[in-house]
$ cat entry-v2.txt   # compact mmCIF, C-alpha atoms and all ligand atoms
# COMPACT_ATOMS: atom_id res chain seq x y z
CA MET A 6 -32.32 -66.91 65.67
CA ASN A 7 -29.75 -67.35 68.44
CA ILE A 8 -26.54 -67.61 66.50
CA GLN A 9 -23.03 -67.14 67.82
CA TRP A 10 -21.98 -63.73 66.50
CA ASN A 11 -18.44 -62.73 65.66
CA ALA A 12 -19.03 -59.29 67.19
CA GLN A 13 -15.72 -57.77 66.17
CA GLY A 14 -15.87 -58.99 62.55
CA TYR A 15 -19.48 -57.83 62.28
CA THR A 16 -18.66 -54.35 63.57
CA GLN A 17 -15.54 -54.00 61.39
CA ASN A 18 -16.81 -55.30 58.05
CA PHE A 19 -20.58 -54.98 58.07
CA SER A 20 -21.20 -51.51 59.50
CA PHE A 21 -23.20 -50.74 56.33
CA VAL A 22 -26.07 -52.69 57.98
CA HIS A 23 -26.64 -49.95 60.56
CA GLU A 24 -25.62 -47.14 58.17
CA TYR A 25 -28.58 -48.05 55.94
CA GLY A 26 -30.78 -48.33 59.03
CA ARG A 27 -30.33 -44.63 59.76
CA GLY A 28 -32.94 -43.64 57.15
CA LEU A 29 -35.44 -45.85 58.93
CA ILE A 30 -35.27 -43.62 62.00
CA ASP A 31 -36.95 -40.86 59.96
CA LEU A 32 -40.17 -42.92 59.94
CA LEU A 33 -40.57 -42.39 63.70
CA GLU A 34 -42.98 -39.53 64.34
CA GLY A 35 -42.91 -37.41 67.49
CA GLY A 36 -40.30 -35.91 69.77
CA GLY A 37 -38.69 -37.55 72.80
CA LEU A 38 -40.46 -40.88 72.34
CA SER A 39 -39.42 -43.93 74.32
CA VAL A 40 -38.09 -46.41 71.72
CA LEU A 41 -37.12 -50.05 72.10
CA ASP A 42 -34.46 -51.09 69.56
CA LEU A 43 -35.38 -54.74 69.00
CA GLY A 44 -32.32 -56.80 68.05
CA CYS A 45 -30.02 -53.87 68.76
CA GLY A 46 -26.82 -55.84 68.04
CA ASN A 47 -23.75 -53.73 68.69
CA GLY A 48 -25.93 -50.75 69.70
CA ALA A 49 -24.90 -48.45 66.83
CA LEU A 50 -28.50 -47.67 65.89
CA THR A 51 -29.63 -47.41 69.52
CA GLN A 52 -27.04 -44.66 69.81
CA ARG A 53 -28.36 -43.02 66.62
CA LEU A 54 -31.87 -43.12 68.06
CA ALA A 55 -30.59 -41.44 71.25
CA GLN A 56 -28.75 -38.81 69.18
CA ALA A 57 -32.00 -38.12 67.32
CA GLY A 58 -33.60 -37.21 70.67
CA PHE A 59 -35.39 -40.47 71.48
CA ARG A 60 -35.22 -42.22 74.86
CA ALA A 61 -33.73 -45.36 73.36
CA GLU A 62 -33.08 -48.73 74.95
CA GLY A 63 -31.67 -51.85 73.26
CA LEU A 64 -32.71 -55.50 73.50
CA ASP A 65 -30.72 -58.35 71.98
CA ALA A 66 -30.27 -62.09 72.51
CA SER A 67 -26.52 -62.14 71.86
CA PRO A 68 -24.26 -61.67 74.91
CA GLU A 69 -21.30 -61.03 72.57
CA LEU A 70 -23.02 -58.15 70.77
CA LEU A 71 -24.47 -56.74 74.02
CA GLU A 72 -20.98 -56.58 75.49
CA VAL A 73 -19.82 -54.51 72.51
CA ALA A 74 -22.93 -52.29 72.82
CA ARG A 75 -22.41 -51.67 76.55
CA GLN A 76 -18.71 -50.90 76.13
CA SER A 77 -19.31 -48.62 73.15
CA TYR A 78 -22.28 -46.70 74.61
CA PRO A 79 -22.08 -46.84 78.43
CA GLY A 80 -24.74 -44.15 78.81
CA LEU A 81 -27.45 -46.30 77.21
CA ALA A 82 -29.50 -49.18 78.61
CA PHE A 83 -29.14 -52.56 76.91
CA ARG A 84 -30.73 -55.74 78.11
CA GLN A 85 -30.67 -59.36 77.06
CA GLY A 86 -33.85 -60.85 75.70
CA ASP A 87 -35.24 -62.99 72.92
CA ALA A 88 -37.35 -61.15 70.32
CA VAL A 89 -39.82 -64.04 70.23
CA ASP A 90 -40.37 -64.12 73.99
CA PHE A 91 -39.89 -60.83 75.81
CA GLN A 92 -41.84 -58.51 78.08
CA THR A 93 -41.14 -54.94 79.11
CA ALA A 94 -41.76 -53.37 82.53
CA GLU A 95 -43.40 -50.32 80.90
CA PRO A 96 -44.92 -49.98 77.43
CA PHE A 97 -42.92 -47.99 74.83
CA ASP A 98 -44.05 -45.28 72.42
CA ALA A 99 -42.27 -47.13 69.60
CA VAL A 100 -40.47 -50.33 68.73
CA PHE A 101 -37.75 -50.06 66.10
CA SER A 102 -35.96 -52.93 64.36
CA ASN A 103 -33.42 -53.03 61.56
CA ALA A 104 -32.20 -56.14 59.68
CA VAL A 105 -33.31 -58.55 62.40
CA LEU A 106 -36.78 -59.98 61.78
CA HIS A 107 -35.75 -62.21 58.84
CA TRP A 108 -33.61 -64.22 61.30
CA ILE A 109 -36.77 -65.36 63.08
CA ASP A 110 -38.30 -68.60 61.78
CA MET A 111 -41.66 -68.25 60.06
CA ASP A 112 -43.45 -70.24 62.78
CA LYS A 113 -42.15 -67.84 65.46
CA GLN A 114 -43.08 -64.61 63.66
CA ASP A 115 -46.59 -64.32 65.08
CA GLY A 116 -45.37 -64.81 68.65
CA MET A 117 -42.72 -62.14 68.11
CA LEU A 118 -45.34 -59.72 66.73
CA ARG A 119 -47.54 -60.36 69.77
CA CYS A 120 -44.59 -59.50 72.07
CA VAL A 121 -43.99 -56.28 70.09
CA ASN A 122 -47.67 -55.40 70.32
CA GLN A 123 -47.67 -55.93 74.10
CA ALA A 124 -44.52 -53.81 74.44
CA LEU A 125 -46.28 -50.80 72.84
CA LYS A 126 -48.73 -48.22 74.16
CA PRO A 127 -52.02 -48.08 72.21
CA GLY A 128 -51.28 -46.05 69.07
CA GLY A 129 -47.58 -46.89 69.44
CA GLN A 130 -45.39 -47.15 66.33
CA PHE A 131 -43.63 -50.28 65.08
CA VAL A 132 -41.04 -49.22 62.50
CA PHE A 133 -38.87 -51.90 60.93
CA GLU A 134 -36.89 -53.05 57.96
CA MET A 135 -36.04 -56.66 57.14
CA GLY A 136 -35.12 -58.84 54.19
CA GLY A 137 -38.16 -59.12 51.93
CA HIS A 138 -39.34 -61.51 49.24
CA GLY A 139 -36.48 -62.21 46.80
CA ASN A 140 -33.77 -61.10 49.22
CA ASN A 141 -30.41 -62.68 48.32
CA ALA A 142 -32.15 -64.88 45.74
CA LEU A 143 -28.98 -65.14 43.62
CA ILE A 144 -26.86 -66.08 46.64
CA HIS A 145 -29.24 -68.73 47.98
CA GLY A 146 -29.77 -70.10 44.46
CA ALA A 147 -26.00 -70.58 44.02
CA LEU A 148 -25.67 -72.24 47.43
CA GLU A 149 -28.61 -74.53 46.74
CA ARG A 150 -27.08 -75.63 43.42
CA ALA A 151 -23.71 -76.32 45.11
CA PHE A 152 -25.44 -78.41 47.81
CA THR A 153 -27.57 -80.29 45.28
CA ARG A 154 -24.54 -81.17 43.12
CA ARG A 155 -23.18 -83.00 46.18
CA GLY A 156 -26.45 -84.80 46.91
CA LEU A 157 -27.15 -82.53 49.89
CA SER A 158 -30.29 -80.55 50.60
CA TYR A 159 -30.11 -76.82 51.29
CA ARG A 160 -32.52 -75.24 53.78
CA MET A 161 -32.62 -71.47 53.31
CA PRO A 162 -32.34 -70.27 56.91
CA PHE A 163 -34.25 -66.97 56.69
CA TYR A 164 -37.81 -65.69 56.34
CA PHE A 165 -38.21 -63.15 53.52
CA PRO A 166 -41.95 -62.35 53.21
CA THR A 167 -43.91 -60.38 50.62
CA VAL A 168 -45.72 -57.18 51.61
CA GLY A 169 -49.04 -59.05 51.55
CA GLN A 170 -47.81 -61.92 53.73
CA TYR A 171 -46.36 -59.61 56.35
CA ALA A 172 -49.24 -57.13 56.34
CA ALA A 173 -51.61 -60.04 57.09
CA ARG A 174 -49.45 -61.08 60.07
CA LEU A 175 -49.28 -57.52 61.37
CA GLU A 176 -53.05 -57.09 61.15
CA ALA A 177 -53.69 -60.42 62.88
CA ALA A 178 -51.35 -59.33 65.70
CA GLY A 179 -53.33 -56.11 66.31
CA PHE A 180 -51.58 -53.56 64.07
CA ARG A 181 -52.78 -51.18 61.37
CA VAL A 182 -50.25 -51.06 58.50
CA ALA A 183 -49.50 -47.39 57.83
CA SER A 184 -46.91 -48.01 55.11
CA ALA A 185 -45.13 -51.00 53.58
CA ALA A 186 -42.70 -51.14 50.68
CA LEU A 187 -40.54 -53.82 49.06
CA PHE A 188 -37.51 -52.53 47.15
CA ASP A 189 -34.12 -53.63 45.82
CA ARG A 190 -30.98 -52.42 47.54
CA PRO A 191 -27.90 -53.83 45.78
CA THR A 192 -25.20 -53.18 48.37
CA PRO A 193 -21.42 -52.99 47.82
CA LEU A 194 -19.40 -55.24 50.12
CA ASN A 195 -15.97 -54.50 51.57
CA GLY A 196 -12.78 -55.88 50.03
CA PRO A 197 -11.75 -58.31 47.28
CA GLU A 198 -13.27 -61.23 49.24
CA GLY A 199 -16.44 -59.29 50.05
CA LEU A 200 -18.95 -61.97 49.11
CA TYR A 201 -16.92 -64.83 50.58
CA ASP A 202 -16.60 -62.88 53.87
CA TRP A 203 -20.34 -62.14 53.85
CA LEU A 204 -21.16 -65.84 53.35
CA ARG A 205 -18.83 -66.89 56.16
CA MET A 206 -20.31 -64.31 58.52
CA PHE A 207 -24.00 -64.91 57.85
CA ILE A 208 -24.62 -68.36 56.34
CA LYS A 209 -23.94 -70.74 59.19
CA SER A 210 -26.82 -73.11 59.91
CA PRO A 211 -26.90 -74.87 56.49
CA PHE A 212 -23.34 -76.01 57.26
CA ALA A 213 -24.03 -77.28 60.80
CA GLY A 214 -22.03 -80.47 61.30
CA ALA A 215 -20.39 -80.20 57.87
CA ASP A 216 -16.75 -81.01 57.29
CA PRO A 217 -14.84 -77.66 57.12
CA ALA A 218 -13.20 -78.68 53.83
CA ALA A 219 -16.59 -79.43 52.23
CA ARG A 220 -17.93 -76.10 53.49
CA GLU A 221 -14.98 -74.26 52.00
CA GLU A 222 -15.45 -76.03 48.66
CA ILE A 223 -19.15 -75.15 48.55
CA LEU A 224 -18.52 -71.50 49.48
CA ARG A 225 -15.79 -71.14 46.85
CA GLU A 226 -17.98 -72.78 44.22
CA ALA A 227 -20.91 -70.47 45.01
CA VAL A 228 -18.66 -67.40 44.92
CA GLY A 229 -17.32 -68.53 41.52
CA GLN A 230 -20.87 -68.92 40.19
CA LEU A 231 -21.81 -65.44 41.42
CA ARG A 232 -18.92 -63.55 39.79
CA GLY A 233 -21.04 -62.78 36.74
CA PRO A 234 -24.05 -61.22 38.45
CA LEU A 235 -22.52 -59.86 41.68
CA LEU A 236 -18.95 -58.73 40.87
CA GLN A 237 -18.95 -55.40 39.08
CA GLU A 238 -15.75 -53.52 38.27
CA GLY A 239 -13.91 -55.33 41.05
CA VAL A 240 -16.58 -54.67 43.69
CA TRP A 241 -18.75 -57.43 45.15
CA TYR A 242 -22.43 -56.63 45.66
CA CYS A 243 -25.04 -58.27 47.86
CA ASP A 244 -28.45 -58.67 46.22
CA TYR A 245 -30.50 -57.27 49.08
CA VAL A 246 -34.27 -56.69 48.84
CA ARG A 247 -35.75 -54.76 51.75
CA LEU A 248 -39.23 -54.83 53.28
CA ARG A 249 -39.72 -51.51 55.10
CA CYS A 250 -42.87 -51.00 57.19
CA LYS A 251 -44.53 -48.75 59.67
CA ALA A 252 -47.40 -50.25 61.66
CA ILE A 253 -49.48 -48.74 64.44
CA LYS A 254 -50.82 -50.64 67.44
CA GLU A 255 -54.57 -50.58 67.17
CA THR A 256 -56.54 -49.01 70.00
CA GLU A 257 -59.58 -50.88 71.32
CA ILE A 258 -61.81 -48.36 69.48
CA ASN A 259 -60.22 -49.18 66.13
CA HIS A 260 -60.76 -52.89 66.76
CA ILE A 261 -64.45 -52.34 67.48
CA GLU A 262 -64.94 -50.08 64.41
CA ARG A 263 -63.60 -52.74 62.07
CA LYS A 264 -65.77 -55.60 63.33
C1 LIG B 1 -30.27 -59.03 55.41
O1 LIG B 1 -30.04 -58.00 56.05
O2 LIG B 1 -31.13 -59.07 54.53
C2 LIG B 1 -29.53 -60.27 55.71
C3 LIG B 1 -28.30 -60.20 56.35
C4 LIG B 1 -27.63 -61.37 56.64
C5 LIG B 1 -28.17 -62.59 56.28
C6 LIG B 1 -29.38 -62.63 55.63
C7 LIG B 1 -30.07 -61.47 55.34
$ encode --input "entry-v2.txt" --output "structure tokens" --more "lines below"
Ligand code: BEZ
Amino acid sequence: MNIQWNAQGYTQNFSFVHEYGRGLIDLLEGGGLSVLDLGCGNGALTQRLAQAGFRAEGLDASPELLEVARQSYPGLAFRQGDAVDFQTAEPFDAVFSNAVLHWIDMDKQDGMLRCVNQALKPGGQFVFEMGGHGNNALIHGALERAFTRRGLSYRMPFYFPTVGQYAARLEAAGFRVASAALFDRPTPLNGPEGLYDWLRMFIKSPFAGADPAAREEILREAVGQLRGPLLQEGVWYCDYVRLRCKAIKETEINHIERK
């Protein structure tokens, strides 16, 4: 999860990530709630939460992104912490997270959900969106083929669960799933090199230790393969699939009733 972010490039070229996250805020119910923005990144959505009347605070592992967040929104509180191992001084009314949870390895998901549960008051809301089953399937398929052609193995570095897989994790961690949906969101990318720029920004770990020339060759080959499905009328698209959920922290009473 802890990758070195190019904070400026992310903020300049990929602001659509938090623009789409704005609709997610509407799932939060109640006025003036205390909300923890888990994986707040550059703080753009923490600021949106504050503008919507919530008492919002951001948590992120990346010092580079936190610096941008603090400079951009000096009136808000941001603190450094790892989503899979954090505690809060006081419990929150809600935890919010956009486009973050798929960065967490599958074997760390349950620990992260336990931290979220502990950070909430009983009845507290966990509202999030992440990459879901089938997310970027065309992109990862093209990369895998380019790796395989060179005798290399490709490890897809994200966790994109189905509704059923994630609902089971949420329930095991002490949540009631209030709503969960998996849906396509083909998303236009910026500029004539949109897909290439996206790959360079987000697909890092499969190339760890690789020769830069070999990496460039693989990226260019994958982009070439994806022209057919992902370049439409001169605009590159990303084949996003979103998993959007609202889950409620169970109270003790609910636990007892279900046994
Ligand atoms: C996503 O938001 O689905 C995503 C973004 C970057 C890399 C992988 C997935």
$ residues_around --input "entry-v2.txt" --residues "region 124-141 of chain A" --least-positions-apart "5" --cutoff "7 Å" --atoms "only C-alpha atoms" --output "number ranges by chain"
A: 32-33, 92-93, 96-107, 165-167, 187, 243-256
$ residues_around --input "entry-v2.txt" --residues "Asn195 (chain A)" --least-positions-apart "5" --cutoff "10 Å" --atoms "all atoms listed in the file" --output "PyMOL selection string"
chain A and resi 17-21+200+202-203+240-242
$ write_last_selection --input "entry-v2.txt" --atoms "C-alpha atoms" --output "compact mmCIF listing (two decimals), in the coordinates of the input"
# COMPACT_ATOMS: atom_id res chain seq x y z
CA GLN A 17 -15.54 -54.00 61.39
CA ASN A 18 -16.81 -55.30 58.05
CA PHE A 19 -20.58 -54.98 58.07
CA SER A 20 -21.20 -51.51 59.50
CA PHE A 21 -23.20 -50.74 56.33
CA LEU A 200 -18.95 -61.97 49.11
CA ASP A 202 -16.60 -62.88 53.87
CA TRP A 203 -20.34 -62.14 53.85
CA VAL A 240 -16.58 -54.67 43.69
CA TRP A 241 -18.75 -57.43 45.15
CA TYR A 242 -22.43 -56.63 45.66
$ axis_aligned_box --input "entry-v2.txt" --around "ligand LIG 1 (chain B)" --padding-each-side "3 Å" --output "JSON"
{"center_x": -29.4, "center_y": -60.3, "center_z": 55.6, "size_x": 9.5, "size_y": 10.6, "size_z": 8.1}
$ closest_residue --input "entry-v2.txt" --among "A:Tyr201, A:Phe212, A:Phe152, A:Trp108" --to "ligand LIG 1 (chain B)" --atoms "all atoms listed in the file"
A:Trp108
$ residues_near_point --input "entry-v2.txt" --point "(-22.4, -64.0, 41.3)" --cutoff "12 Å" --atoms "only C-alpha atoms" --output "ChimeraX atom specification"
/A:141-148,199-201,224-237,240-244
$ residues_around --input "entry-v2.txt" --residues "region 69-84 of chain A" --least-positions-apart "4" --cutoff "7 Å" --atoms "all atoms listed in the file" --output "CSV table (one decimal) with C-alpha atoms, in the frame of the given file"
chain,number,residue,atom,x,y,z
A,10,TRP,CA,-22.0,-63.7,66.5
A,12,ALA,CA,-19.0,-59.3,67.2
A,46,GLY,CA,-26.8,-55.8,68.0
A,47,ASN,CA,-23.8,-53.7,68.7
A,48,GLY,CA,-25.9,-50.8,69.7
A,62,GLU,CA,-33.1,-48.7,75.0
A,63,GLY,CA,-31.7,-51.8,73.3
A,64,LEU,CA,-32.7,-55.5,73.5
A,65,ASP,CA,-30.7,-58.4,72.0
$ closest_residue --input "entry-v2.txt" --among "A:Glu149, A:Pro211, A:Asp115, A:Pro197" --to "Pro162 (chain A)" --atoms "only C-alpha atoms"
A:Pro211
$ closest_residue --input "entry-v2.txt" --among "A:Pro68, A:Gly169, A:Gly26, A:Gly116" --to "ligand LIG 1 (chain B)" --atoms "only C-alpha atoms and all ligand atoms"
A:Gly26
$ atom_distance --input "entry-v2.txt" --atom1 "CA of Glu257 (chain A)" --atom2 "CA of Gly36 (chain A)"
24.5 Å
$ atom_distance --input "entry-v2.txt" --atom1 "CA of Gly58 (chain A)" --atom2 "CA of Gly35 (chain A)"
9.8 Å
$ atom_distance --input "entry-v2.txt" --atom1 "CA of Asp42 (chain A)" --atom2 "CA of Phe91 (chain A)"
12.8 Å
$ closest_residue --input "entry-v2.txt" --among "A:Tyr159, A:Tyr25, A:Phe59, A:Phe207" --to "ligand LIG 1 (chain B)" --atoms "all atoms listed in the file"
A:Phe207
$ decode --input "entry-v2.txt" --residues "region 98-157 of chain A" --atoms "C-alpha atoms" --output "PDB file, in the first residue's frame"
ATOM      1  CA  ASP A  98     -19.626   9.038  13.575  1.00  0.00           C
ATOM      2  CA  ALA A  99     -18.455   7.926  10.120  1.00  0.00           C
ATOM      3  CA  VAL A 100     -15.465   6.677   8.181  1.00  0.00           C
ATOM      4  CA  PHE A 101     -15.330   7.640   4.515  1.00  0.00           C
ATOM      5  CA  SER A 102     -12.939   6.274   1.884  1.00  0.00           C
ATOM      6  CA  ASN A 103     -12.687   6.812  -1.854  1.00  0.00           C
ATOM      7  CA  ALA A 104     -10.482   4.857  -4.303  1.00  0.00           C
ATOM      8  CA  VAL A 105      -8.137   3.587  -1.601  1.00  0.00           C
ATOM      9  CA  LEU A 106      -9.114   0.143  -0.299  1.00  0.00           C
ATOM     10  CA  HIS A 107      -8.089  -1.755  -3.466  1.00  0.00           C
ATOM     11  CA  TRP A 108      -4.464  -0.738  -2.739  1.00  0.00           C
ATOM     12  CA  ILE A 109      -4.524  -2.880   0.399  1.00  0.00           C
ATOM     13  CA  ASP A 110      -3.404  -6.494  -0.061  1.00  0.00           C
ATOM     14  CA  MET A 111      -6.110  -9.109   0.381  1.00  0.00           C
ATOM     15  CA  ASP A 112      -4.440 -10.556   3.495  1.00  0.00           C
ATOM     16  CA  LYS A 113      -4.480  -7.123   5.173  1.00  0.00           C
ATOM     17  CA  GLN A 114      -8.124  -6.294   4.413  1.00  0.00           C
ATOM     18  CA  ASP A 115      -9.586  -7.870   7.548  1.00  0.00           C
ATOM     19  CA  GLY A 116      -7.130  -6.038   9.812  1.00  0.00           C
ATOM     20  CA  MET A 117      -7.997  -2.762   8.087  1.00  0.00           C
ATOM     21  CA  LEU A 118     -11.734  -3.415   8.548  1.00  0.00           C
ATOM     22  CA  ARG A 119     -11.159  -4.118  12.250  1.00  0.00           C
ATOM     23  CA  CYS A 120      -9.344  -0.757  12.592  1.00  0.00           C
ATOM     24  CA  VAL A 121     -12.252   0.994  10.839  1.00  0.00           C
ATOM     25  CA  ASN A 122     -14.735  -0.749  13.125  1.00  0.00           C
ATOM     26  CA  GLN A 123     -12.797   0.334  16.224  1.00  0.00           C
ATOM     27  CA  ALA A 124     -12.624   3.915  14.924  1.00  0.00           C
ATOM     28  CA  LEU A 125     -16.451   4.127  14.771  1.00  0.00           C
ATOM     29  CA  LYS A 126     -19.125   4.712  17.392  1.00  0.00           C
ATOM     30  CA  PRO A 127     -21.728   1.907  17.593  1.00  0.00           C
ATOM     31  CA  GLY A 128     -24.148   2.535  14.721  1.00  0.00           C
ATOM     32  CA  GLY A 129     -21.450   4.542  12.926  1.00  0.00           C
ATOM     33  CA  GLN A 130     -21.379   4.629   9.123  1.00  0.00           C
ATOM     34  CA  PHE A 131     -18.618   3.261   6.892  1.00  0.00           C
ATOM     35  CA  VAL A 132     -19.122   4.673   3.392  1.00  0.00           C
ATOM     36  CA  PHE A 133     -16.620   3.748   0.708  1.00  0.00           C
ATOM     37  CA  GLU A 134     -15.935   3.165  -2.940  1.00  0.00           C
ATOM     38  CA  MET A 135     -13.114   1.043  -4.336  1.00  0.00           C
ATOM     39  CA  GLY A 136     -12.191  -0.893  -7.450  1.00  0.00           C
ATOM     40  CA  GLY A 137     -14.470  -3.925  -7.668  1.00  0.00           C
ATOM     41  CA  HIS A 138     -14.374  -7.284  -9.429  1.00  0.00           C
ATOM     42  CA  GLY A 139     -13.355  -6.792 -13.081  1.00  0.00           C
ATOM     43  CA  ASN A 140     -11.806  -3.375 -12.477  1.00  0.00           C
ATOM     44  CA  ASN A 141      -9.247  -2.550 -15.194  1.00  0.00           C
ATOM     45  CA  ALA A 142      -9.530  -6.105 -16.535  1.00  0.00           C
ATOM     46  CA  LEU A 143      -8.556  -5.002 -20.056  1.00  0.00           C
ATOM     47  CA  ILE A 144      -5.521  -3.086 -18.779  1.00  0.00           C
ATOM     48  CA  HIS A 145      -4.218  -5.870 -16.539  1.00  0.00           C
ATOM     49  CA  GLY A 146      -4.893  -8.448 -19.274  1.00  0.00           C
ATOM     50  CA  ALA A 147      -2.755  -6.467 -21.750  1.00  0.00           C
ATOM     51  CA  LEU A 148       0.050  -6.039 -19.206  1.00  0.00           C
ATOM     52  CA  GLU A 149      -0.032  -9.724 -18.323  1.00  0.00           C
ATOM     53  CA  ARG A 150       0.247 -10.706 -22.004  1.00  0.00           C
ATOM     54  CA  ALA A 151       3.192  -8.314 -22.502  1.00  0.00           C
ATOM     55  CA  PHE A 152       4.967  -9.782 -19.445  1.00  0.00           C
ATOM     56  CA  THR A 153       4.250 -13.370 -20.506  1.00  0.00           C
ATOM     57  CA  ARG A 154       5.608 -12.784 -24.039  1.00  0.00           C
ATOM     58  CA  ARG A 155       8.929 -11.930 -22.369  1.00  0.00           C
ATOM     59  CA  GLY A 156       8.883 -14.976 -20.084  1.00  0.00           C
ATOM     60  CA  LEU A 157       8.027 -12.813 -17.059  1.00  0.00           C
TER      61      LEU A 157
END
